[in-house]
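A.B. asks: Below is a structure I'd like to ask you about.
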Amino acid sequence: MHRDILHGARDGLPIGLGYFAVAFSLGITAKAAGLVPAQGFIASFLNHASAGEYALFSLIAANAAYWEVAMVICITNARYLLMSAALSQKFSPETPFFHRLLIGFGITDEIFGLGIAQKGWLSPAYMYSAFLVAELFWSSGTASGIIAGNILPANVVSALSVAIYGMFLAIIIPPARENRVVAGLVLVSFACSFAFSVLPLVSALSGGMKTIILTVAISAVGAVLFPVRDTKGGETA
Amino acid sequence: MTHSIYIYILVAAGVSFLIRVLPLTLIRKQITNTFLRSFLFYVPYVTLAVMTFPAIVDAARYPAAGVAALIVGVVLAWFGAGLFPVAVSCCGAVFLAELLLGAV
């Protein structure tokens, strides 16, 4: 048990350091949406999802409807459905039910990766330890971005504002290299997203609606044309 | 209509929690429907790609700097760099590109 806690902290620390930098830039987005540091901390602690929070803050800035937030979070965080399904296979039958709730709450791309990499059944102590260490960096990074984002020079803020997209690229490009269908879908997504940003009528849609429409349409077409037969549910980031 | 930031956060948190926890607690067997499996498999890549471009180009002060970040990010990620190195390199690309553009 003690060893699991130590190992979890050891594996969570490098993840946390990476999280801090990205969360800092997320904090700049949060500040632009009108969040104060405590709100940024809470939002990050409860959501801990880079893409989902980025979408959340953009929607807050746009004064979107609550249902729109719910829809967009469903779409941007849909990958956690797969990860959650995959992790369910790693629970020992004797594990008490509440561990499923708490470990489920802690799923992120990286924490999921740690869990899947474990030999044998999941150790709840290991998972909680890794999650908490990474999570504190993530939440405090967001709050720091809100506090310090506006005292940084404009060129530094401009540079940091692309960090989140860099992280997205680091998630989607390696699988695109391994899988031609994913590569094709990423390119199609880039093209359609660009088209939706310039074409009349659709360019007037909110960012969240564009994301929903394009994601559902492109993924559904991909699923019909290129059904996947042999993947296990979750893919690590 | 004005909205409360706290309600926004709670809506997002509630939905996030359900998404993360429902499969873990409800689905004890593997999903067998091929369409659903394929759809869920593609969703993360498509949604992140849609959100990345053209937004990355518009995020920096100069579009050319955003393009530089996109190229640097794609190349480094292609060769296997992790989340953190890619994110930091994209920031560096924008910083350098804007220095150059500002000097011209």
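Each chain in the structure tokens gets a letter, A, B and so on, in the order shown; residues start at 1 in every chain, and ligands are counted from 1 in the order they appear.
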Counting only C-alpha atoms, what is within 9 Å of Leu56 (chain A), bar same-chain residues fewer than 3 positions away, as an MDAnalysis selection string?
C.D. replies: (chainID A and resid 30 51:53 59:61 69 72:73) or (chainID B and resid 8:9 12)
A.B. asks: Please return, as a PyMOL selection string, all residues of chain A lying within 6 Å of chain B when only C-alpha atoms are considered.
C.D. replies: chain A and resi 18+43+46-47+79-81+84-85+88+101+104-105+158-160+162-163+165-167+170+172-174+186+189-190+193-194+215+219-220+223+227-228
A.B. asks: Any chance you could export the current selection's N, CA and C atoms as a short mmCIF file (atom, residue, chain, number, x, y, z; two decimals), in the first residue's frame?
C.D. replies:
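Saved to part_31.cif:
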data_model
loop_
_atom_site.label_atom_id
_atom_site.label_comp_id
_atom_site.auth_asym_id
_atom_site.auth_seq_id
_atom_site.Cartn_x
_atom_site.Cartn_y
_atom_site.Cartn_z
N GLY A 18 4.20 18.72 -16.60
CA GLY A 18 3.70 19.01 -17.94
C GLY A 18 2.34 19.69 -17.88
N ALA A 43 -12.77 24.79 -11.41
CA ALA A 43 -13.12 24.24 -12.73
C ALA A 43 -12.11 23.17 -13.13
N LEU A 46 -12.42 19.92 -10.89
CA LEU A 46 -13.59 19.08 -11.16
C LEU A 46 -13.59 18.49 -12.56
N ASN A 47 -12.99 19.22 -13.52
CA ASN A 47 -13.06 18.75 -14.91
C ASN A 47 -11.80 18.05 -15.39
N ARG A 79 -13.92 10.72 -25.43
CA ARG A 79 -12.88 9.70 -25.38
C ARG A 79 -12.79 9.04 -24.02
N TYR A 80 -13.23 9.76 -22.97
CA TYR A 80 -13.18 9.16 -21.64
C TYR A 80 -14.16 8.01 -21.49
N LEU A 81 -15.21 7.99 -22.34
CA LEU A 81 -16.12 6.84 -22.34
C LEU A 81 -15.34 5.57 -22.66
N SER A 84 -12.82 4.77 -19.86
CA SER A 84 -13.55 4.22 -18.72
C SER A 84 -13.94 2.77 -18.99
N ALA A 85 -14.41 2.50 -20.20
CA ALA A 85 -14.79 1.13 -20.56
C ALA A 85 -13.57 0.22 -20.49
N SER A 88 -12.50 -0.56 -16.94
CA SER A 88 -13.41 -1.46 -16.21
C SER A 88 -12.91 -2.90 -16.27
N LEU A 101 -16.11 4.62 -8.87
CA LEU A 101 -16.55 6.01 -8.98
C LEU A 101 -15.35 6.96 -8.89
N GLY A 104 -12.79 6.49 -11.70
CA GLY A 104 -13.44 7.02 -12.90
C GLY A 104 -13.35 8.53 -12.95
N PHE A 105 -13.63 9.16 -11.81
CA PHE A 105 -13.55 10.63 -11.73
C PHE A 105 -12.17 11.11 -12.13
N SER A 158 1.15 35.57 -26.13
CA SER A 158 0.88 35.08 -27.48
C SER A 158 1.51 33.70 -27.67
N ALA A 159 2.75 33.54 -27.19
CA ALA A 159 3.43 32.25 -27.33
C ALA A 159 2.73 31.16 -26.53
N LEU A 160 2.35 31.48 -25.28
CA LEU A 160 1.71 30.47 -24.43
C LEU A 160 0.33 30.07 -24.94
N VAL A 162 -0.62 29.11 -27.67
CA VAL A 162 -0.67 27.96 -28.58
C VAL A 162 -0.31 26.65 -27.86
N ALA A 163 0.04 26.72 -26.57
CA ALA A 163 0.46 25.50 -25.85
C ALA A 163 -0.61 24.42 -25.90
N TYR A 165 -2.88 23.90 -28.10
CA TYR A 165 -2.99 23.27 -29.42
C TYR A 165 -1.80 22.33 -29.65
N GLY A 166 -0.64 22.71 -29.10
CA GLY A 166 0.51 21.82 -29.18
C GLY A 166 0.20 20.50 -28.50
N MET A 167 -0.48 20.57 -27.35
CA MET A 167 -0.83 19.36 -26.65
C MET A 167 -1.82 18.53 -27.46
N ALA A 170 0.04 16.73 -30.06
CA ALA A 170 0.81 15.61 -29.50
C ALA A 170 -0.10 14.41 -29.22
N ILE A 172 -3.01 13.76 -31.18
CA ILE A 172 -3.61 13.20 -32.41
C ILE A 172 -2.59 12.77 -33.46
N ILE A 173 -1.39 13.36 -33.48
CA ILE A 173 -0.46 13.05 -34.57
C ILE A 173 0.17 11.65 -34.45
N PRO A 174 0.65 11.24 -33.27
CA PRO A 174 1.25 9.89 -33.22
C PRO A 174 0.29 8.77 -33.67
N VAL A 186 -7.96 13.17 -39.62
CA VAL A 186 -7.40 14.41 -39.06
C VAL A 186 -7.30 15.46 -40.16
N SER A 189 -10.67 16.67 -41.02
CA SER A 189 -11.16 17.52 -39.94
C SER A 189 -10.58 18.93 -40.05
N PHE A 190 -9.27 19.01 -40.30
CA PHE A 190 -8.63 20.31 -40.50
C PHE A 190 -9.33 21.07 -41.63
N SER A 193 -12.98 22.02 -40.78
CA SER A 193 -13.00 23.05 -39.76
C SER A 193 -12.63 24.41 -40.36
N PHE A 194 -11.64 24.37 -41.24
CA PHE A 194 -11.26 25.61 -41.93
C PHE A 194 -12.42 26.11 -42.80
N THR A 215 -17.59 16.95 -35.55
CA THR A 215 -17.12 15.73 -34.91
C THR A 215 -18.06 14.56 -35.17
N SER A 219 -16.77 11.64 -37.70
CA SER A 219 -16.55 10.35 -37.02
C SER A 219 -17.54 9.30 -37.51
N ALA A 220 -18.79 9.71 -37.76
CA ALA A 220 -19.79 8.74 -38.23
C ALA A 220 -19.43 8.26 -39.62
N ALA A 223 -16.65 5.90 -39.30
CA ALA A 223 -17.06 4.61 -38.74
C ALA A 223 -17.78 3.75 -39.77
N PRO A 227 -14.82 0.73 -40.63
CA PRO A 227 -15.12 0.18 -39.31
C PRO A 227 -13.86 -0.39 -38.65
N VAL A 228 -13.77 -0.17 -37.34
CA VAL A 228 -12.62 -0.65 -36.58
C VAL A 228 -12.99 -2.01 -36.00
#
A.B. asks: For Phe57 (chain A), work out the shell of residues within 9 Å, counting only C-alpha atoms and skipping chain neighbours fewer than 6 positions away, then give it as a short mmCIF file (atom, residue, chain, number, x, y, z; two decimals) with N, CA and C atoms, in the first residue's frame.
C.D. replies:
data_model
loop_
_atom_site.label_atom_id
_atom_site.label_comp_id
_atom_site.auth_asym_id
_atom_site.auth_seq_id
_atom_site.Cartn_x
_atom_site.Cartn_y
_atom_site.Cartn_z
N LEU A 26 -4.08 27.62 -20.20
CA LEU A 26 -5.53 27.48 -20.09
C LEU A 26 -6.09 28.57 -19.18
N THR A 29 -6.90 31.68 -21.03
CA THR A 29 -8.21 31.58 -21.66
C THR A 29 -9.32 31.78 -20.63
N ALA A 30 -9.13 31.18 -19.44
CA ALA A 30 -10.14 31.29 -18.39
C ALA A 30 -10.29 32.74 -17.94
N LYS A 31 -9.16 33.44 -17.84
CA LYS A 31 -9.21 34.85 -17.43
C LYS A 31 -9.98 35.68 -18.45
N ALA A 32 -9.70 35.39 -19.73
CA ALA A 32 -10.40 36.12 -20.79
C ALA A 32 -11.91 35.87 -20.71
N ALA A 33 -12.30 34.70 -20.17
CA ALA A 33 -13.72 34.38 -20.05
C ALA A 33 -14.31 34.96 -18.78
N GLY A 34 -13.48 35.60 -17.94
CA GLY A 34 -13.99 36.27 -16.76
C GLY A 34 -13.88 35.47 -15.47
N LEU A 35 -13.12 34.37 -15.47
CA LEU A 35 -13.00 33.59 -14.25
C LEU A 35 -11.96 34.19 -13.31
#
A.B. asks: Give me the residues near Gly16 (chain A) as JSON, numbers by chain, where near means some atom within 12 Å (using only C-alpha atoms) and where sequence neighbours in that chain fewer than 6 positions away do not count.
C.D. replies: {"A": [8, 9, 10, 22, 23, 24, 48, 108, 110, 111, 129, 130, 131, 132, 133, 134, 135, 136, 137, 138, 139, 140, 141], "B": [83, 84]}
A.B. asks: Calculate how many Å separate CA of Asp11 (chain A) from CA of Met127 (chain A), rounding to one decimal.
C.D. replies: 9.8 Å
A.B. asks: Please determine, counting only C-alpha atoms, which residue among A:Thr142, A:Gln89, A:Ser50, A:Ser123 has the shortest atom-to-atom distance to Asp109 (chain A).
C.D. replies: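 So, comparing all the options, the nearest one is A:Ser50.
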A.B. asks: When you count only C-alpha atoms, which of these residues is closest to Ala55 (chain A): A:Cys74, A:Cys192, A:Phe112, A:Val198?
C.D. replies: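 Distance minimum relative to Ala55 (chain A) lands on A:Cys74.
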A.B. asks: Run DSSP on the backbone and give me the residues of chain B it puts in alpha helix (DSSP H), as a PyMOL selection string.
C.D. replies: chain B and resi 5-26+34-52+55-59+63-78+83-103
